[in-house]
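Participant: For reference, this is model_10.cif, and it has mmCIF, C-alpha atoms.
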data_my_file
loop_
_atom_site.group_PDB
_atom_site.id
_atom_site.type_symbol
_atom_site.label_atom_id
_atom_site.label_comp_id
_atom_site.auth_asym_id
_atom_site.auth_seq_id
_atom_site.Cartn_x
_atom_site.Cartn_y
_atom_site.Cartn_z
ATOM 1 C CA MET A 10 -30.987 -49.349 -13.702
ATOM 2 C CA ALA A 11 -33.368 -50.702 -11.050
ATOM 3 C CA MET A 12 -34.917 -54.152 -11.288
ATOM 4 C CA THR A 13 -38.642 -54.629 -11.434
ATOM 5 C CA ARG A 14 -40.504 -56.834 -8.972
ATOM 6 C CA LYS A 15 -40.956 -59.524 -11.628
ATOM 7 C CA GLN A 16 -37.223 -59.486 -12.530
ATOM 8 C CA ARG A 17 -36.240 -59.678 -8.853
ATOM 9 C CA GLY A 18 -38.550 -62.675 -8.388
ATOM 10 C CA GLN A 19 -37.120 -64.438 -11.440
ATOM 11 C CA LEU A 20 -33.569 -63.793 -10.212
ATOM 12 C CA GLY A 21 -34.441 -65.237 -6.797
ATOM 13 C CA VAL A 22 -35.836 -68.411 -8.409
ATOM 14 C CA PHE A 23 -32.749 -68.718 -10.639
ATOM 15 C CA ILE A 24 -30.327 -68.363 -7.689
ATOM 16 C CA ALA A 25 -32.286 -70.934 -5.656
ATOM 17 C CA GLN A 26 -32.117 -73.421 -8.549
ATOM 18 C CA LYS A 27 -28.362 -72.917 -8.910
ATOM 19 C CA ARG A 28 -27.781 -73.452 -5.182
ATOM 20 C CA ARG A 29 -29.930 -76.582 -5.196
ATOM 21 C CA ALA A 30 -28.032 -77.970 -8.206
ATOM 22 C CA ARG A 31 -24.661 -77.264 -6.577
ATOM 23 C CA ARG A 32 -25.727 -78.979 -3.343
ATOM 24 C CA GLU A 33 -26.889 -82.003 -5.316
ATOM 25 C CA GLN A 34 -23.546 -82.178 -7.158
ATOM 26 C CA GLU A 35 -21.623 -82.030 -3.889
ATOM 27 C CA ARG A 36 -23.794 -84.735 -2.340
ATOM 28 C CA ALA A 37 -23.363 -86.964 -5.387
ATOM 29 C CA ALA A 38 -19.578 -86.477 -5.336
ATOM 30 C CA ARG A 39 -19.453 -87.386 -1.616
ATOM 31 C CA ARG A 40 -21.600 -90.461 -2.181
ATOM 32 C CA ALA A 41 -19.426 -91.572 -5.101
ATOM 33 C CA LYS A 42 -16.281 -91.121 -3.055
ATOM 34 C CA ARG A 43 -17.764 -93.122 -0.179
ATOM 35 C CA THR A 44 -19.053 -95.975 -2.293
ATOM 36 C CA THR A 45 -16.119 -96.435 -4.668
ATOM 37 C CA SER A 46 -13.172 -96.652 -2.334
ATOM 38 C CA LEU A 47 -12.661 -97.247 1.337
ATOM 39 C CA GLU A 48 -8.955 -96.542 1.053
ATOM 40 C CA LEU A 49 -7.834 -92.969 0.932
ATOM 41 C CA GLU A 50 -4.839 -92.059 -1.208
ATOM 42 C CA VAL A 51 -3.422 -89.633 1.342
ATOM 43 C CA TYR A 52 -4.607 -89.126 4.881
ATOM 44 C CA GLU A 53 -5.750 -85.531 5.301
ATOM 45 C CA PRO A 54 -7.177 -84.517 8.656
ATOM 46 C CA ILE A 55 -10.343 -82.450 8.472
ATOM 47 C CA GLY A 56 -10.046 -78.732 9.118
ATOM 48 C CA PHE A 57 -6.444 -78.268 7.990
ATOM 49 C CA HIS A 58 -5.680 -75.218 5.898
ATOM 50 C CA PHE A 59 -2.654 -76.990 4.462
ATOM 51 C CA ASN A 60 -2.635 -80.434 2.946
ATOM 52 C CA PRO A 61 0.176 -82.705 1.784
ATOM 53 C CA ARG A 62 -0.918 -82.864 -1.852
ATOM 54 C CA ARG A 63 -1.543 -79.190 -2.450
ATOM 55 C CA HIS A 64 1.393 -77.723 -0.534
ATOM 56 C CA ASP A 65 3.844 -80.656 -0.785
ATOM 57 C CA LEU A 66 4.254 -80.903 2.990
ATOM 58 C CA THR A 67 4.430 -83.794 5.409
ATOM 59 C CA LEU A 68 1.642 -84.229 7.951
ATOM 60 C CA GLU A 69 3.822 -82.808 10.719
ATOM 61 C CA GLN A 70 4.665 -79.806 8.565
ATOM 62 C CA CYS A 71 0.947 -79.358 7.814
ATOM 63 C CA ARG A 72 0.203 -79.263 11.545
ATOM 64 C CA THR A 73 2.982 -76.748 12.129
ATOM 65 C CA ALA A 74 1.841 -74.565 9.247
ATOM 66 C CA THR A 75 -1.772 -74.642 10.420
ATOM 67 C CA ASP A 76 -0.718 -73.698 13.950
ATOM 68 C CA LEU A 77 1.332 -70.806 12.572
ATOM 69 C CA LEU A 78 -1.563 -69.604 10.401
ATOM 70 C CA ARG A 79 -4.049 -69.803 13.278
ATOM 71 C CA ARG A 80 -1.707 -67.909 15.578
ATOM 72 C CA ARG A 81 -1.043 -65.211 12.983
ATOM 73 C CA ASN A 82 -4.754 -64.852 12.181
ATOM 74 C CA ARG A 83 -5.476 -64.550 15.894
ATOM 75 C CA GLU A 84 -2.773 -61.888 16.390
ATOM 76 C CA SER A 85 -3.634 -59.785 13.325
ATOM 77 C CA PRO A 86 -6.561 -60.989 11.265
ATOM 78 C CA ILE A 87 -6.975 -59.884 7.666
ATOM 79 C CA ARG A 88 -10.513 -58.595 7.388
ATOM 80 C CA GLY A 89 -12.614 -58.123 4.288
ATOM 81 C CA THR A 90 -13.194 -59.854 0.996
ATOM 82 C CA SER A 91 -11.570 -57.379 -1.360
ATOM 83 C CA LYS A 92 -8.917 -58.402 -3.872
ATOM 84 C CA GLN A 93 -6.252 -56.837 -1.665
ATOM 85 C CA ALA A 94 -7.384 -58.849 1.372
ATOM 86 C CA GLN A 95 -7.381 -62.056 -0.679
ATOM 87 C CA PHE A 96 -3.916 -61.238 -1.982
ATOM 88 C CA ARG A 97 -2.623 -60.586 1.532
ATOM 89 C CA ARG A 98 -4.063 -63.907 2.740
ATOM 90 C CA ALA A 99 -2.366 -65.685 -0.168
ATOM 91 C CA LEU A 100 0.933 -63.986 0.671
ATOM 92 C CA ARG A 101 0.582 -64.992 4.318
ATOM 93 C CA ILE A 102 -0.035 -68.634 3.391
ATOM 94 C CA ALA A 103 2.839 -68.619 0.875
ATOM 95 C CA GLY A 104 5.184 -67.190 3.492
ATOM 96 C CA ILE A 105 4.195 -69.833 6.018
ATOM 97 C CA VAL A 106 4.661 -72.650 3.485
ATOM 98 C CA SER A 107 8.063 -71.238 2.517
ATOM 99 C CA ALA A 108 9.161 -70.997 6.160
ATOM 100 C CA VAL A 109 7.981 -74.516 6.982
ATOM 101 C CA LYS A 110 9.599 -76.060 3.893
ATOM 102 C CA GLY A 111 12.841 -74.157 4.459
ATOM 103 C CA GLY A 112 13.070 -75.197 8.112
ATOM 104 C CA ARG A 113 13.003 -71.615 9.368
ATOM 105 C CA VAL A 114 10.208 -72.091 11.898
ATOM 106 C CA GLY A 115 11.573 -71.405 15.364
ATOM 107 C CA ASN A 116 14.970 -70.373 13.988
ATOM 108 C CA SER A 117 15.584 -67.014 15.653
ATOM 109 C CA HIS A 118 19.036 -66.725 14.064
ATOM 110 C CA PHE A 119 17.433 -66.549 10.612
ATOM 111 C CA GLY A 120 15.252 -63.626 11.702
ATOM 112 C CA TYR A 121 18.265 -61.902 13.216
ATOM 113 C CA SER A 122 20.234 -62.390 9.991
ATOM 114 C CA LEU A 123 17.541 -60.456 8.104
ATOM 115 C CA HIS A 124 17.905 -57.482 10.466
ATOM 116 C CA GLY A 125 20.495 -55.650 8.357
ATOM 117 C CA HIS A 126 18.914 -56.227 4.947
ATOM 118 C CA ARG A 127 17.588 -52.695 4.522
ATOM 119 C CA GLY A 128 20.755 -51.165 3.204
ATOM 120 C CA GLY A 129 21.920 -49.552 6.416
ATOM 121 C CA GLY A 130 18.582 -47.960 7.232
ATOM 122 C CA VAL A 131 17.792 -50.242 10.166
ATOM 123 C CA THR A 132 19.616 -48.139 12.744
ATOM 124 C CA ALA A 133 18.069 -44.972 11.338
ATOM 125 C CA ARG A 134 14.605 -46.481 11.746
ATOM 126 C CA HIS A 135 15.012 -48.299 15.037
ATOM 127 C CA GLY A 136 17.852 -46.534 16.831
ATOM 128 C CA PRO A 137 17.785 -42.769 16.286
ATOM 129 C CA HIS A 138 18.796 -42.292 19.937
ATOM 130 C CA ILE A 139 21.946 -44.351 19.282
ATOM 131 C CA LEU A 140 22.807 -42.285 16.212
ATOM 132 C CA ALA A 141 22.256 -39.026 18.119
ATOM 133 C CA GLU A 142 24.584 -40.185 20.899
ATOM 134 C CA ASN A 143 27.221 -41.249 18.354
ATOM 135 C CA ARG A 144 27.031 -37.854 16.614
ATOM 136 C CA ARG A 145 27.536 -36.112 19.950
ATOM 137 C CA ARG A 146 30.586 -38.282 20.749
ATOM 138 C CA ILE A 147 32.105 -37.768 17.312
ATOM 139 C CA GLN A 148 31.655 -34.018 17.605
ATOM 140 C CA GLU A 149 33.320 -33.999 21.049
ATOM 141 C CA ARG A 150 36.229 -36.060 19.751
ATOM 142 C CA ARG A 151 36.741 -33.755 16.754
ATOM 143 C CA GLN A 152 36.710 -30.694 18.990
ATOM 144 C CA PHE A 153 39.199 -32.364 21.300
ATOM 145 C CA GLU A 154 41.498 -33.268 18.401
ATOM 146 C CA LYS A 155 41.254 -29.763 16.931
ATOM 147 C CA VAL A 156 42.229 -28.156 20.236
ATOM 148 C CA TRP A 157 44.976 -30.738 20.715
ATOM 149 C CA GLU A 158 46.444 -30.011 17.273
ATOM 150 C CA ARG A 159 46.361 -26.280 18.002
ATOM 151 C CA GLN A 160 48.130 -26.848 21.328
ATOM 152 C CA GLN A 161 50.753 -29.080 19.736
ATOM 153 C CA SER A 162 51.522 -26.679 16.914
ATOM 154 C CA GLN A 163 52.485 -23.835 19.268
ATOM 155 C CA PRO A 164 56.076 -23.791 20.489
ATOM 156 C CA GLN A 165 56.234 -23.983 24.283
ATOM 157 C CA SER A 166 58.806 -23.931 26.980
ATOM 158 C CA TYR A 167 59.240 -26.931 29.192
ATOM 159 C CA GLU A 168 57.487 -25.196 32.106
ATOM 160 C CA ASP A 169 54.467 -24.233 29.952
ATOM 161 C CA TRP A 170 54.252 -27.758 28.687
ATOM 162 C CA GLN A 171 54.294 -29.147 32.272
ATOM 163 C CA GLN A 172 51.581 -26.676 33.258
ATOM 164 C CA ALA A 173 49.440 -27.607 30.219
ATOM 165 C CA ILE A 174 49.615 -31.290 31.138
ATOM 166 C CA VAL A 175 48.336 -30.539 34.630
ATOM 167 C CA GLU A 176 45.525 -28.275 33.374
ATOM 168 C CA TRP A 177 44.573 -30.335 30.336
ATOM 169 C CA PRO A 178 41.494 -32.485 30.976
ATOM 170 C CA VAL A 179 41.979 -36.104 30.073
ATOM 171 C CA GLN A 180 39.187 -37.162 27.758
ATOM 172 C CA GLN A 181 37.500 -40.363 28.782
ATOM 173 C CA TYR A 182 36.332 -42.520 25.891
ATOM 174 C CA SER A 183 33.394 -44.700 26.805
ATOM 175 C CA ARG A 184 33.524 -48.418 26.250
ATOM 176 C CA ASP A 185 30.087 -48.552 24.651
ATOM 177 C CA PHE A 186 30.027 -51.013 21.746
ATOM 178 C CA MET A 187 28.209 -48.538 19.457
ATOM 179 C CA ALA A 188 30.867 -45.876 19.920
ATOM 180 C CA TYR A 189 33.414 -47.528 17.626
#
Just give me the structure as structure tokens.
Facilitator:
Amino acid sequence: MAMTRKQRGQLGVFIAQKRRARREQERAARRAKRTTSLELEVYEPIGFHFNPRRHDLTLEQCRTATDLLRRRNRESPIRGTSKQAQFRRALRIAGIVSAVKGGRVGNSHFGYSLHGHRGGGVTARHGPHILAENRRRIQERRQFEKVWERQQSQPQSYEDWQQAIVEWPVQQYSRDFMAY
């Protein structure tokens, strides 16, 4: 249902009053903080996303976490104000706090150790060319073994055997680490 001109005007006045009251509360709180105590409980630099009290971090960890968050937001910002965007921002901050507290920042071995955590699907996702090459090698080896078994099962004379050795191609197995 559309608002009338009078209702829209009243709403505008109401919103302006609320904003004015909120600004006055903030000013009063800042004045009270300034006048009551010159000593701060915990030093918190201005502009940090992370603070020692809220995230239970040291100042150095706060700096590291803020640098990580700024870098990540620069590389792939989360746009929008939807619930999903807010949730993703919260997850990003929680992940950074967890990494900083756990000492995993700059630890490339930790990232490498997570590489195989997908239940064997990592190679299927990231190395289909390796799997294709392995399938080809396995198929060649099975064919070779099948022919070899057939050759070995037939009785031969010594001369036929000597001739077969000369004609038989020697299969070269590659020394690629993924082949075994």
Participant: What does the distance between CA of Thr73 (chain A) and CA of Val114 (chain A) come to in Å, to one decimal place?
Facilitator: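 It comes out at 8.6 Å.
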Participant: Which of these residues is nearest to Asn60 (chain A), using all atoms listed in the file: A:Val106, A:Leu100, A:Ala25, A:Leu140?
Facilitator: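 Under the stated criterion, the closest residue is A:Val106.
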Participant: Using CA of His58 (chain A) and CA of Cys71 (chain A) as the two end points, give the distance in Å to one decimal.
Facilitator: 8.0 Å
